Structure formats: structure tokens, C-alpha cells
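Raw work-v8.pdb, PDB, C-alpha atoms, pLDDT in the B column:
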ATOM      1  CA  MET A   1      -2.983  -3.834  10.272  1.00 61.00           C
ATOM      2  CA  ARG A   2      -0.033  -1.527  10.841  1.00 77.00           C
ATOM      3  CA  ALA A   3       1.033  -1.711   7.189  1.00 80.00           C
ATOM      4  CA  GLU A   4      -2.473  -0.700   6.093  1.00 86.00           C
ATOM      5  CA  ARG A   5      -2.474   2.277   8.449  1.00 80.00           C
ATOM      6  CA  LEU A   6       0.975   3.286   7.224  1.00 79.00           C
ATOM      7  CA  LYS A   7      -0.237   3.196   3.623  1.00 85.00           C
ATOM      8  CA  GLU A   8      -3.178   5.428   4.564  1.00 84.00           C
ATOM      9  CA  ILE A   9      -0.843   7.903   6.278  1.00 78.00           C
ATOM     10  CA  ILE A  10       1.527   8.014   3.319  1.00 78.00           C
ATOM     11  CA  ARG A  11      -1.384   8.473   0.910  1.00 85.00           C
ATOM     12  CA  ALA A  12      -2.758  11.364   2.979  1.00 84.00           C
ATOM     13  CA  LEU A  13       0.655  12.995   3.257  1.00 80.00           C
ATOM     14  CA  MET A  14       1.330  12.666  -0.447  1.00 79.00           C
ATOM     15  CA  ASN A  15      -1.939  14.445  -1.169  1.00 84.00           C
ATOM     16  CA  SER A  16      -0.620  17.357   0.852  1.00 83.00           C
ATOM     17  CA  ARG A  17       1.350  20.161  -0.797  1.00 83.00           C
ATOM     18  CA  PHE A  18       3.291  20.589   2.456  1.00 82.00           C
ATOM     19  CA  TYR A  19       4.778  17.084   2.185  1.00 78.00           C
ATOM     20  CA  PHE A  20       6.620  17.861  -1.041  1.00 78.00           C
ATOM     21  CA  ASP A  21       8.288  20.902   0.513  1.00 84.00           C
ATOM     22  CA  LEU A  22      10.107  18.595   2.935  1.00 84.00           C
ATOM     23  CA  ASP A  23      13.357  16.785   2.267  1.00 88.00           C
ATOM     24  CA  VAL A  24      13.612  13.009   2.637  1.00 88.00           C
ATOM     25  CA  ARG A  25      14.798  13.108   6.253  1.00 91.00           C
ATOM     26  CA  GLU A  26      11.980  15.449   7.266  1.00 89.00           C
ATOM     27  CA  ARG A  27       9.430  13.233   5.507  1.00 84.00           C
ATOM     28  CA  HIS A  28      10.716  10.174   7.358  1.00 87.00           C
ATOM     29  CA  THR A  29      10.645  12.022  10.698  1.00 90.00           C
ATOM     30  CA  LEU A  30       7.070  13.142  10.069  1.00 86.00           C
ATOM     31  CA  VAL A  31       5.876   9.624   9.216  1.00 84.00           C
ATOM     32  CA  VAL A  32       7.603   8.150  12.292  1.00 87.00           C
ATOM     33  CA  HIS A  33       6.083  10.867  14.475  1.00 89.00           C
ATOM     34  CA  VAL A  34       2.570  10.177  13.190  1.00 84.00           C
ATOM     35  CA  LEU A  35       3.033   6.431  13.720  1.00 84.00           C
ATOM     36  CA  ARG A  36       4.189   6.996  17.311  1.00 89.00           C
ATOM     37  CA  MET A  37       1.192   9.213  18.019  1.00 88.00           C
ATOM     38  CA  MET A  38      -1.129   6.519  16.678  1.00 83.00           C
ATOM     39  CA  GLU A  39       0.598   3.809  18.743  1.00 85.00           C
ATOM     40  CA  ALA A  40       0.322   5.956  21.879  1.00 88.00           C
ATOM     41  CA  ARG A  41      -3.353   6.612  21.244  1.00 85.00           C
ATOM     42  CA  ARG A  42      -4.039   2.910  20.766  1.00 83.00           C
ATOM     43  CA  ALA A  43      -2.095   1.985  23.931  1.00 84.00           C
ATOM     44  CA  ALA A  44      -3.962   4.533  26.046  1.00 76.00           C
TER
END
Could you quickly redo this structure as C-alpha cells?
Amino acid sequence: MRAERLKEIIRALMNSRFYFDLDVRERHTLVVHVLRMMEARRAA
């Protein structure tokens, strides 16, 4: 389940121009942030 959601997030981000303006560390931080938001929403 989580892996599928992660793939969807990555796909959406990669379709975004903004994503390619970020360096690798910023990309990783963004993905982790989105995952945490999703986990928090599901826990609530």
C-alpha cells in the first residue's frame, strides 16, 4: 500500500517543473514531508 502511494507521489512530482529545480537533498526532503503528511492524515 505505502509503496504504491509513494510511486504515485513520485510520479506526480516528476511531472512538475518545480521538482527538477530542486537538488537531490531537497527532493528527498519534499518526498519525506509529503509522506509524513499522508501518514498524519491517515492516523487522524
Tell me, in Å to one decimal, how far atom CA of A:Arg27 is from atom CA of A:Arg42.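 Interatomic distance here is 22.8 Å.
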What do you get, as a VMD selection string, if you spell out every residue that the PyMOL selection byres ((chain A and resi 1-14) around 10) selects here? chain A and resid 15 to 20 27 30 to 32 34 to 35 38 to 39
Let me have the centre and edge lengths in Å, one decimal, of the box along x, y and z around every listed atom of stretch 25-42 of chain A with 3 Å of margin on each side, as lines of an AutoDock Vina configuration file.
center_x = 5.4
center_y = 9.2
center_z = 13.7
size_x = 24.8
size_y = 18.5
size_z = 22.4
Can you patch up stretch 7-26 of chain A, filling it in to N, CA, C and O atoms, and show the result as a short mmCIF file (atom, residue, chain, number, x, y, z; two decimals), in the frame of the given file?
data_model
loop_
_atom_site.label_atom_id
_atom_site.label_comp_id
_atom_site.auth_asym_id
_atom_site.auth_seq_id
_atom_site.Cartn_x
_atom_site.Cartn_y
_atom_site.Cartn_z
N LYS A 7 0.11 2.84 5.00
CA LYS A 7 -0.24 3.20 3.62
C LYS A 7 -1.22 4.36 3.59
O LYS A 7 -1.11 5.25 2.76
N GLU A 8 -2.20 4.33 4.50
CA GLU A 8 -3.18 5.43 4.56
C GLU A 8 -2.50 6.74 4.91
O GLU A 8 -2.80 7.78 4.32
N ILE A 9 -1.57 6.69 5.87
CA ILE A 9 -0.84 7.90 6.28
C ILE A 9 -0.04 8.45 5.11
O ILE A 9 -0.10 9.65 4.80
N ILE A 10 0.70 7.58 4.45
CA ILE A 10 1.53 8.01 3.32
C ILE A 10 0.65 8.62 2.23
O ILE A 10 0.97 9.66 1.66
N ARG A 11 -0.47 7.97 1.95
CA ARG A 11 -1.38 8.47 0.91
C ARG A 11 -1.88 9.87 1.28
O ARG A 11 -1.90 10.78 0.45
N ALA A 12 -2.27 10.06 2.53
CA ALA A 12 -2.76 11.36 2.98
C ALA A 12 -1.66 12.41 2.89
O ALA A 12 -1.89 13.53 2.43
N LEU A 13 -0.46 12.05 3.31
CA LEU A 13 0.66 13.00 3.26
C LEU A 13 1.00 13.37 1.82
O LEU A 13 1.29 14.53 1.53
N MET A 14 0.96 12.40 0.93
CA MET A 14 1.33 12.67 -0.45
C MET A 14 0.30 13.54 -1.15
O MET A 14 0.61 14.19 -2.14
N ASN A 15 -0.91 13.56 -0.63
CA ASN A 15 -1.94 14.44 -1.17
C ASN A 15 -1.76 15.87 -0.68
O ASN A 15 -2.43 16.79 -1.15
N SER A 16 -0.85 16.04 0.26
CA SER A 16 -0.62 17.36 0.85
C SER A 16 0.53 18.08 0.15
O SER A 16 1.58 17.51 -0.10
N ARG A 17 0.32 19.33 -0.17
CA ARG A 17 1.35 20.16 -0.80
C ARG A 17 2.55 20.27 0.12
O ARG A 17 3.71 20.25 -0.30
N PHE A 18 2.27 20.41 1.43
CA PHE A 18 3.29 20.59 2.46
C PHE A 18 4.34 19.48 2.41
O PHE A 18 5.53 19.72 2.56
N TYR A 19 3.89 18.24 2.17
CA TYR A 19 4.78 17.08 2.18
C TYR A 19 5.91 17.22 1.17
O TYR A 19 7.05 16.86 1.45
N PHE A 20 5.61 17.77 0.01
CA PHE A 20 6.62 17.86 -1.04
C PHE A 20 7.62 18.99 -0.82
O PHE A 20 8.63 19.07 -1.50
N ASP A 21 7.33 19.86 0.17
CA ASP A 21 8.29 20.90 0.51
C ASP A 21 9.35 20.39 1.49
O ASP A 21 10.31 21.09 1.79
N LEU A 22 9.17 19.17 1.97
CA LEU A 22 10.11 18.60 2.94
C LEU A 22 11.17 17.77 2.22
O LEU A 22 10.91 17.19 1.17
N ASP A 23 12.36 17.68 2.84
CA ASP A 23 13.36 16.78 2.27
C ASP A 23 13.11 15.37 2.80
O ASP A 23 12.23 15.14 3.63
N VAL A 24 13.87 14.42 2.31
CA VAL A 24 13.61 13.01 2.64
C VAL A 24 13.68 12.75 4.14
O VAL A 24 12.83 12.05 4.70
N ARG A 25 14.66 13.33 4.81
CA ARG A 25 14.80 13.11 6.25
C ARG A 25 13.60 13.66 7.00
O ARG A 25 13.08 13.03 7.92
N GLU A 26 13.15 14.85 6.61
CA GLU A 26 11.98 15.45 7.27
C GLU A 26 10.73 14.62 7.02
O GLU A 26 9.89 14.47 7.91
#
